[in-house]
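The file coords08.cif comes next; it holds mmCIF, C-alpha atoms and all ligand atoms.
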data_coords
loop_
_atom_site.group_PDB
_atom_site.id
_atom_site.type_symbol
_atom_site.label_atom_id
_atom_site.label_comp_id
_atom_site.auth_asym_id
_atom_site.auth_seq_id
_atom_site.Cartn_x
_atom_site.Cartn_y
_atom_site.Cartn_z
ATOM 1 C CA MET L 1 -6.070 -0.148 21.683
ATOM 2 C CA ASP L 2 -9.432 -1.788 20.997
ATOM 3 C CA SER L 3 -11.206 -3.023 17.889
ATOM 4 C CA ARG L 4 -13.251 0.182 17.521
ATOM 5 C CA MET L 5 -10.073 2.282 17.398
ATOM 6 C CA VAL L 6 -8.479 -0.037 14.812
ATOM 7 C CA LYS L 7 -11.597 0.095 12.647
ATOM 8 C CA GLU L 8 -11.737 3.873 12.793
ATOM 9 C CA ALA L 9 -8.070 4.143 11.855
ATOM 10 C CA ALA L 10 -8.410 1.650 8.984
ATOM 11 C CA ARG L 11 -11.338 3.593 7.526
ATOM 12 C CA LYS L 12 -9.410 6.835 7.862
ATOM 13 C CA PHE L 13 -6.585 5.220 5.858
ATOM 14 C CA GLY L 14 -8.982 4.202 3.080
ATOM 15 C CA ALA L 15 -10.361 0.782 4.047
ATOM 16 C CA ASP L 16 -13.950 0.176 2.933
ATOM 17 C CA LEU L 17 -14.187 -3.120 4.815
ATOM 18 C CA ILE L 18 -12.544 -4.320 8.009
ATOM 19 C CA GLY L 19 -13.044 -7.336 10.225
ATOM 20 C CA MET L 20 -11.017 -9.145 12.871
ATOM 21 C CA THR L 21 -10.803 -12.484 14.585
ATOM 22 C CA ALA L 22 -8.859 -13.984 17.480
ATOM 23 C CA ILE L 23 -5.870 -15.976 16.304
ATOM 24 C CA GLY L 24 -7.341 -18.997 18.096
ATOM 25 C CA SER L 25 -9.920 -19.215 15.282
ATOM 26 C CA PHE L 26 -7.173 -20.809 13.214
ATOM 27 C CA ALA L 27 -6.847 -23.803 15.558
ATOM 28 C CA GLY L 28 -6.419 -26.929 13.486
ATOM 29 C CA THR L 29 -5.105 -25.022 10.450
ATOM 30 C CA ALA L 30 -2.154 -26.648 8.686
ATOM 31 C CA PRO L 31 1.152 -24.947 9.661
ATOM 32 C CA GLU L 32 1.734 -23.850 6.059
ATOM 33 C CA ASN L 33 -1.486 -21.787 6.222
ATOM 34 C CA ASP L 34 -1.461 -20.829 9.902
ATOM 35 C CA PRO L 35 -0.850 -17.140 10.717
ATOM 36 C CA ARG L 36 0.897 -18.286 13.926
ATOM 37 C CA SER L 37 3.645 -19.833 11.781
ATOM 38 C CA ILE L 38 4.444 -16.271 10.643
ATOM 39 C CA PHE L 39 3.934 -14.443 13.941
ATOM 40 C CA PRO L 40 3.753 -16.879 16.901
ATOM 41 C CA ARG L 41 3.014 -14.041 19.365
ATOM 42 C CA GLY L 42 0.091 -12.865 17.241
ATOM 43 C CA LYS L 43 -3.215 -12.562 19.041
ATOM 44 C CA SER L 44 -5.552 -11.308 16.303
ATOM 45 C CA LEU L 45 -5.865 -11.381 12.550
ATOM 46 C CA ILE L 46 -7.326 -8.382 10.726
ATOM 47 C CA VAL L 47 -8.687 -8.403 7.174
ATOM 48 C CA ILE L 48 -9.136 -5.083 5.389
ATOM 49 C CA GLY L 49 -10.730 -4.512 1.994
ATOM 50 C CA ARG L 50 -11.045 -1.763 -0.570
ATOM 51 C CA LYS L 51 -13.829 -1.539 -3.097
ATOM 52 C CA ILE L 52 -13.134 -2.116 -6.782
ATOM 53 C CA LEU L 53 -14.447 0.914 -8.673
ATOM 54 C CA ARG L 54 -17.685 0.245 -10.526
ATOM 55 C CA GLY L 55 -16.272 2.112 -13.526
ATOM 56 C CA THR L 56 -13.455 -0.383 -14.010
ATOM 57 C CA LEU L 57 -15.994 -2.827 -15.474
ATOM 58 C CA ARG L 58 -17.504 -0.350 -17.940
ATOM 59 C CA GLY L 59 -15.074 -0.983 -20.797
ATOM 60 C CA ILE L 60 -15.627 -4.737 -20.541
ATOM 61 C CA GLU L 61 -19.411 -4.389 -20.317
ATOM 62 C CA ASN L 62 -19.781 -2.227 -23.416
ATOM 63 C CA GLY L 63 -16.904 -3.661 -25.417
ATOM 64 C CA SER L 64 -15.069 -0.314 -25.700
ATOM 65 C CA ARG L 65 -11.999 -1.573 -23.895
ATOM 66 C CA ALA L 66 -10.827 -5.087 -23.168
ATOM 67 C CA LYS L 67 -9.447 -5.621 -19.690
ATOM 68 C CA GLY L 68 -6.835 -2.874 -19.343
ATOM 69 C CA ILE L 69 -8.761 -0.507 -17.085
ATOM 70 C CA PHE L 70 -9.945 -3.334 -14.852
ATOM 71 C CA GLU L 71 -6.496 -4.911 -14.713
ATOM 72 C CA ASP L 72 -4.890 -1.592 -13.738
ATOM 73 C CA PHE L 73 -7.370 0.009 -11.349
ATOM 74 C CA GLY L 74 -9.326 -3.076 -10.302
ATOM 75 C CA LEU L 75 -6.469 -5.483 -9.703
ATOM 76 C CA TYR L 76 -2.779 -4.603 -9.874
ATOM 77 C CA MET L 77 -2.771 -0.948 -8.802
ATOM 78 C CA LEU L 78 -5.566 -1.533 -6.311
ATOM 79 C CA GLU L 79 -3.706 -4.384 -4.613
ATOM 80 C CA ASP L 80 -0.119 -3.247 -5.062
ATOM 81 C CA GLN L 81 -0.530 0.463 -4.428
ATOM 82 C CA PHE L 82 -3.849 1.669 -2.968
ATOM 83 C CA LEU L 83 -4.620 -1.264 -0.670
ATOM 84 C CA SER L 84 -0.949 -1.664 0.196
ATOM 85 C CA LYS L 85 -0.838 2.001 1.249
ATOM 86 C CA THR L 86 -3.898 1.513 3.466
ATOM 87 C CA THR L 87 -2.279 -1.580 5.001
ATOM 88 C CA TYR L 88 1.041 0.207 5.478
ATOM 89 C CA ASP L 89 -0.576 3.223 7.122
ATOM 90 C CA LEU L 90 -2.538 0.990 9.485
ATOM 91 C CA VAL L 91 0.577 -0.985 10.469
ATOM 92 C CA ILE L 92 2.531 2.251 11.102
ATOM 93 C CA TRP L 93 -0.352 3.531 13.230
ATOM 94 C CA MET L 94 -0.417 0.283 15.253
ATOM 95 C CA GLU L 95 3.349 0.348 15.723
ATOM 96 C CA SER L 96 3.212 3.922 16.957
ATOM 97 C CA ALA L 97 0.621 2.764 19.516
ATOM 98 C CA GLY L 98 3.034 0.124 20.841
ATOM 99 C CA PHE L 99 1.891 -2.965 18.953
ATOM 100 C CA GLU L 100 3.313 -5.029 16.125
ATOM 101 C CA ALA L 101 1.450 -6.028 12.966
ATOM 102 C CA VAL L 102 2.625 -8.177 10.050
ATOM 103 C CA PRO L 103 1.147 -7.035 6.698
ATOM 104 C CA MET L 104 0.282 -9.675 4.092
ATOM 105 C CA PHE L 105 -1.082 -9.724 0.575
ATOM 106 C CA ALA L 106 -4.221 -11.786 0.040
ATOM 107 C CA TYR L 107 -2.812 -14.269 -2.451
ATOM 108 C CA ASP L 108 -4.321 -17.642 -3.269
ATOM 109 C CA ALA L 109 -2.912 -20.070 -0.694
ATOM 110 C CA ASP L 110 -3.784 -23.178 -2.716
ATOM 111 C CA ALA L 111 -2.085 -21.793 -5.823
ATOM 112 C CA ALA L 112 0.956 -20.728 -3.788
ATOM 113 C CA ALA L 113 1.287 -24.250 -2.398
ATOM 114 C CA LYS L 114 2.064 -25.470 -5.920
ATOM 115 C CA TYR L 115 5.245 -23.375 -5.924
ATOM 116 C CA PRO L 116 7.190 -24.142 -2.713
ATOM 117 C CA LEU L 117 10.181 -21.859 -2.345
ATOM 118 C CA GLY L 118 12.519 -23.836 -0.113
ATOM 119 C CA SER L 119 12.983 -26.156 2.816
ATOM 120 C CA PRO L 120 11.935 -25.590 6.435
ATOM 121 C CA VAL L 121 14.524 -23.506 8.320
ATOM 122 C CA ALA L 122 14.265 -25.809 11.362
ATOM 123 C CA PRO L 123 12.686 -29.158 12.225
ATOM 124 C CA GLY L 124 8.967 -28.837 12.862
ATOM 125 C CA LYS L 125 8.583 -25.639 10.843
ATOM 126 C CA PRO L 126 6.637 -25.420 7.556
ATOM 127 C CA ALA L 127 8.515 -24.720 4.347
ATOM 128 C CA PRO L 128 8.384 -21.148 3.009
ATOM 129 C CA ASN L 129 6.273 -19.459 1.920
ATOM 130 C CA VAL L 130 3.495 -19.707 4.497
ATOM 131 C CA TYR L 131 0.305 -18.234 3.018
ATOM 132 C CA VAL L 132 -2.857 -17.663 5.038
ATOM 133 C CA ASP L 133 -6.011 -18.639 3.130
ATOM 134 C CA TRP L 134 -7.475 -15.137 2.838
ATOM 135 C CA LYS L 135 -10.985 -16.278 1.913
ATOM 136 C CA HIS L 136 -11.159 -18.398 5.051
ATOM 137 C CA ALA L 137 -9.705 -15.500 7.075
ATOM 138 C CA ALA L 138 -12.183 -12.982 5.655
ATOM 139 C CA HIS L 139 -15.041 -15.362 6.476
ATOM 140 C CA LEU L 140 -13.783 -15.788 10.056
ATOM 141 C CA CYS L 141 -13.600 -11.979 10.301
ATOM 142 C CA GLY L 142 -17.303 -11.735 9.469
ATOM 143 C CA LEU L 143 -16.896 -10.068 6.083
ATOM 144 C CA GLY L 144 -18.812 -12.490 3.865
ATOM 145 C CA GLU L 145 -18.499 -15.899 2.248
ATOM 146 C CA VAL L 146 -17.307 -17.707 -0.858
ATOM 147 C CA GLY L 147 -20.046 -17.900 -3.475
ATOM 148 C CA ARG L 148 -20.851 -20.667 -5.889
ATOM 149 C CA ASN L 149 -18.636 -19.057 -8.508
ATOM 150 C CA GLY L 150 -15.632 -19.297 -6.159
ATOM 151 C CA LEU L 151 -15.508 -15.525 -5.574
ATOM 152 C CA PHE L 152 -15.674 -13.950 -2.132
ATOM 153 C CA ILE L 153 -18.978 -12.087 -1.729
ATOM 154 C CA THR L 154 -19.745 -9.367 0.820
ATOM 155 C CA PRO L 155 -23.149 -7.863 1.651
ATOM 156 C CA GLN L 156 -21.725 -4.410 0.868
ATOM 157 C CA PHE L 157 -20.053 -4.817 -2.534
ATOM 158 C CA GLY L 158 -20.871 -8.317 -3.722
ATOM 159 C CA THR L 159 -17.769 -9.585 -5.522
ATOM 160 C CA LEU L 160 -16.269 -6.127 -6.056
ATOM 161 C CA GLN L 161 -13.436 -5.691 -3.556
ATOM 162 C CA ARG L 162 -9.825 -6.653 -2.837
ATOM 163 C CA PHE L 163 -8.366 -7.693 0.506
ATOM 164 C CA ALA L 164 -5.163 -7.639 2.551
ATOM 165 C CA MET L 165 -4.401 -9.084 5.997
ATOM 166 C CA LEU L 166 -2.493 -8.165 9.153
ATOM 167 C CA ILE L 167 -1.443 -10.378 12.055
ATOM 168 C CA THR L 168 -1.044 -8.380 15.244
ATOM 169 C CA ASP L 169 -0.124 -8.881 18.877
ATOM 170 C CA ALA L 170 -2.984 -6.573 19.864
ATOM 171 C CA GLU L 171 -5.837 -8.475 21.475
ATOM 172 C CA LEU L 172 -8.938 -7.347 19.603
ATOM 173 C CA GLU L 173 -12.586 -8.246 19.865
ATOM 174 C CA SER L 174 -13.622 -10.737 17.183
ATOM 175 C CA ASP L 175 -16.349 -9.910 14.695
ATOM 176 C CA GLU L 176 -19.180 -12.370 14.350
ATOM 177 C CA ILE L 177 -19.191 -14.700 11.374
ATOM 178 C CA ILE L 178 -22.027 -13.922 8.981
ATOM 179 C CA THR L 179 -24.621 -16.622 9.486
ATOM 180 C CA ARG L 180 -27.024 -15.777 6.665
ATOM 181 C CA ASN L 181 -26.006 -16.795 3.154
ATOM 182 C CA VAL L 182 -24.667 -13.987 0.975
ATOM 183 C CA CYS L 183 -24.626 -16.287 -2.054
ATOM 184 C CA ASP L 184 -28.156 -17.648 -2.335
ATOM 185 C CA ASN L 185 -27.384 -20.247 -5.012
ATOM 186 C CA CYS L 186 -29.327 -18.361 -7.666
ATOM 187 C CA ASP L 187 -27.222 -20.192 -10.287
ATOM 188 C CA VAL L 188 -26.914 -17.102 -12.500
ATOM 189 C CA CYS L 189 -23.117 -17.396 -12.495
ATOM 190 C CA LYS L 190 -23.252 -20.891 -13.936
ATOM 191 C CA LYS L 191 -25.853 -19.950 -16.554
ATOM 192 C CA SER L 192 -23.773 -16.949 -17.645
ATOM 193 C CA CYS L 193 -20.591 -18.903 -18.183
ATOM 194 C CA PRO L 194 -19.755 -19.261 -21.900
ATOM 195 C CA LEU L 195 -18.165 -22.607 -21.051
ATOM 196 C CA ASN L 196 -21.003 -23.633 -18.706
ATOM 197 C CA ASP L 197 -18.569 -24.364 -15.917
ATOM 198 C CA THR L 198 -18.232 -21.981 -12.961
ATOM 199 C CA LEU L 199 -15.003 -23.591 -11.872
ATOM 200 C CA CYS L 200 -13.312 -23.278 -15.250
ATOM 201 C CA HIS L 201 -9.981 -21.565 -15.625
ATOM 202 C CA ARG L 202 -10.146 -21.001 -19.342
ATOM 203 C CA CYS L 203 -12.516 -18.081 -19.790
ATOM 204 C CA GLY L 204 -11.066 -15.185 -21.792
ATOM 205 C CA SER L 205 -14.076 -12.862 -21.570
ATOM 206 C CA GLY L 206 -12.983 -10.540 -18.752
ATOM 207 C CA ALA L 207 -11.024 -13.084 -16.717
ATOM 208 C CA VAL L 208 -7.461 -12.007 -15.950
ATOM 209 C CA GLN L 209 -4.642 -14.527 -16.148
ATOM 210 C CA THR L 210 -2.027 -13.511 -13.593
ATOM 211 C CA SER L 211 1.692 -14.243 -13.794
ATOM 212 C CA PHE L 212 3.968 -16.298 -11.573
ATOM 213 C CA GLY L 213 4.056 -13.445 -9.027
ATOM 214 C CA ARG L 214 0.417 -14.235 -8.255
ATOM 215 C CA PHE L 215 0.935 -17.949 -8.838
ATOM 216 C CA ASN L 216 -0.649 -18.041 -12.318
ATOM 217 C CA THR L 217 -4.174 -17.731 -10.942
ATOM 218 C CA VAL L 218 -7.188 -16.646 -12.988
ATOM 219 C CA ASP L 219 -9.029 -13.651 -11.542
ATOM 220 C CA LYS L 220 -12.729 -14.035 -12.376
ATOM 221 C CA ILE L 221 -14.259 -10.902 -10.850
ATOM 222 C CA ALA L 222 -14.638 -9.263 -14.273
ATOM 223 C CA ALA L 223 -15.416 -12.557 -16.055
ATOM 224 C CA PRO L 224 -19.020 -13.317 -17.090
ATOM 225 C CA CYS L 225 -19.694 -15.348 -13.924
ATOM 226 C CA GLY L 226 -18.409 -12.521 -11.714
ATOM 227 C CA ARG L 227 -20.272 -9.750 -13.552
ATOM 228 C CA ALA L 228 -23.506 -11.724 -13.770
ATOM 229 C CA CYS L 229 -23.286 -12.432 -10.049
ATOM 230 C CA LEU L 230 -22.936 -8.715 -9.312
ATOM 231 C CA ALA L 231 -25.883 -7.860 -11.520
ATOM 232 C CA SER L 232 -28.000 -10.580 -9.939
ATOM 233 C CA LEU L 233 -27.146 -9.539 -6.365
ATOM 234 C CA GLU L 234 -27.803 -5.878 -7.183
ATOM 235 C CA GLU L 235 -31.064 -6.569 -9.001
ATOM 236 C CA ARG L 236 -32.390 -8.505 -6.014
ATOM 237 C CA GLY L 237 -31.277 -5.872 -3.473
ATOM 238 C CA LEU L 238 -28.704 -8.188 -1.869
ATOM 239 C CA ILE L 239 -25.813 -5.688 -1.806
ATOM 240 C CA SER L 240 -25.977 -2.390 0.019
ATOM 241 C CA CYS L 241 -23.653 -0.321 -2.195
ATOM 242 C CA LYS L 242 -25.679 1.649 -4.762
ATOM 243 C CA HIS L 243 -24.432 2.780 -8.170
ATOM 244 C CA THR L 244 -25.876 5.265 -10.624
ATOM 245 C CA THR L 245 -26.176 2.617 -13.339
ATOM 246 C CA PRO L 246 -26.842 -1.080 -12.782
ATOM 247 C CA PHE L 247 -24.351 -3.845 -13.555
ATOM 248 C CA ARG L 248 -24.970 -5.689 -16.796
ATOM 249 C CA LYS L 249 -25.858 -9.331 -16.566
ATOM 250 C CA GLU L 250 -25.605 -10.247 -20.219
ATOM 251 C CA VAL L 251 -22.383 -11.622 -21.643
ATOM 252 C CA LYS L 252 -20.913 -9.727 -24.540
HETATM 253 S S1 LIG E 301 -24.502 -15.739 -9.219
HETATM 254 FE FE1 LIG E 301 -25.865 -16.516 -7.584
HETATM 255 S S2 LIG E 301 -25.141 -18.648 -7.239
HETATM 256 FE FE2 LIG E 301 -23.518 -17.621 -8.370
HETATM 257 S S3 LIG E 301 -22.102 -16.900 -6.761
HETATM 258 FE FE3 LIG E 301 -23.494 -15.189 -7.250
HETATM 259 S S4 LIG E 301 -25.182 -15.362 -5.762
HETATM 260 FE FE4 LIG E 301 -24.066 -17.329 -5.739
#
Using the file provided, produce a representation of the structure as structure tokens.
Amino acid sequence: MDSRMVKEAARKFGADLIGMTAIGSFAGTAPENDPRSIFPRGKSLIVIGRKILRGTLRGIENGSRAKGIFEDFGLYMLEDQFLSKTTYDLVIWMESAGFEAVPMFAYDADAAAKYPLGSPVAPGKPAPNVYVDWKHAAHLCGLGEVGRNGLFITPQFGTLQRFAMLITDAELESDEIITRNVCDNCDVCKKSCPLNDTLCHRCGSGAVQTSFGRFNTVDKIAAPCGRACLASLEERGLISCKHTTPFRKEVK
């Protein structure tokens, strides 16, 4: 099995984005965020992504619907069903080829750290749950970078995707980290924020407050800073995915 075969399989199972890195890239990572704490024999980490449908933002942009469509198709169903199915199918395919892969949701590792679930099972081990920082992992896998608004931005879809991860004992060729900036500090996200604070966690205009299952995080992809970022990247030709109608920059 090589990286080309894994990428082909992932795309066949519905992935729009896929990148991989050698597990050694996580050298120096704290044990509570280190994929080797979960699978010590792991040799590679894979990040896969699926695009959030452009249409899930429509109801927020034109005020016809609040967040329901985005919450369903752009967050919960996308992560818990569609992306999970892609991840599951890829893991089954890898197992049938004689390898092991551990599937993981891309949850916020910093937020998870605020809710420790127990004590270490043995001396020297981190306490559960170990969560890999998915934004760091996706960056190491060459998929993009974290923008000024705190959202992960890819050259293909801007801020409009969701991710999952796999740790595998297959030795795969690493993708190169993107060296050019995807976020070019245009500052549009900050200017679009009704509270003039891109790091705020109080915005109710498209932001989704998650529950304890996702560690009470605030998802800002559909918030003004996330939507304005998309519109700005698209307007300046900085994302490759084309849509029939442009994203709207203005805040309703
Ligand atoms: S709006 Fe501009 S500054 Fe803000 S995250 Fe997007 S690209 Fe970066």
Can you pull out the residues contacting range 83-93 of chain L? Cut-off 8 Å, using only C-alpha atoms, and skip same-chain residues under 3 positions away; I want them as a list in words. Ala9, Ala10, Phe13, Gly14, Ala15, Ile48, Gly49, Arg50, Leu78, Glu79, Asp80, Ser96, Ala97, Glu100, Ala101, Val102, Pro103, Arg162, Phe163, Ala164, Met165 and Leu166 of chain L
Could you check which of L:Ser119, L:Thr179, L:Gln156, L:Asn185 is closest to Asp16 in chain L, using all atoms listed in the file?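 So, comparing all the options, the nearest one is L:Gln156.
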Give as a VMD selection string the residues surrounding ligand LIG 301 (chain E) up to a distance of 10 Å, considering all atoms listed in the file. chain L and resid 145 to 153 158 to 159 181 to 192 198 224 to 234 236 238 249
I need the residue nearest Ala137 in chain L from this list: L:Asp175, L:Glu71, L:Glu8, L:Glu235. Use only C-alpha atoms for the distance.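 Ranked by minimum distance to Ala137 in chain L, first place goes to L:Asp175.
Atom to atom, CA of Ser37 in chain L and CA of Lys125 in chain L stand 7.7 Å apart.
Residues matched by the PyMOL selection byres (((chain L and resi 4) around 12) and not hetatm) in this structure: Met1, Asp2, Ser3, Met5, Val6, Lys7, Glu8, Ala9, Ala10, Arg11, Ile18, Gly19, Met20, Leu172, Glu173, Ser174 and Asp175 of chain L.
Applied to the file shown here, the PyMOL selection byres (((chain L and resi 215) around 10) and not hetatm) selects the residues Tyr107, Asp108, Ala109, Asp110, Ala111, Ala112, Ala113, Lys114, Tyr115, Gln209, Thr210, Ser211, Phe212, Gly213, Arg214, Asn216, Thr217 and Val218 of chain L.
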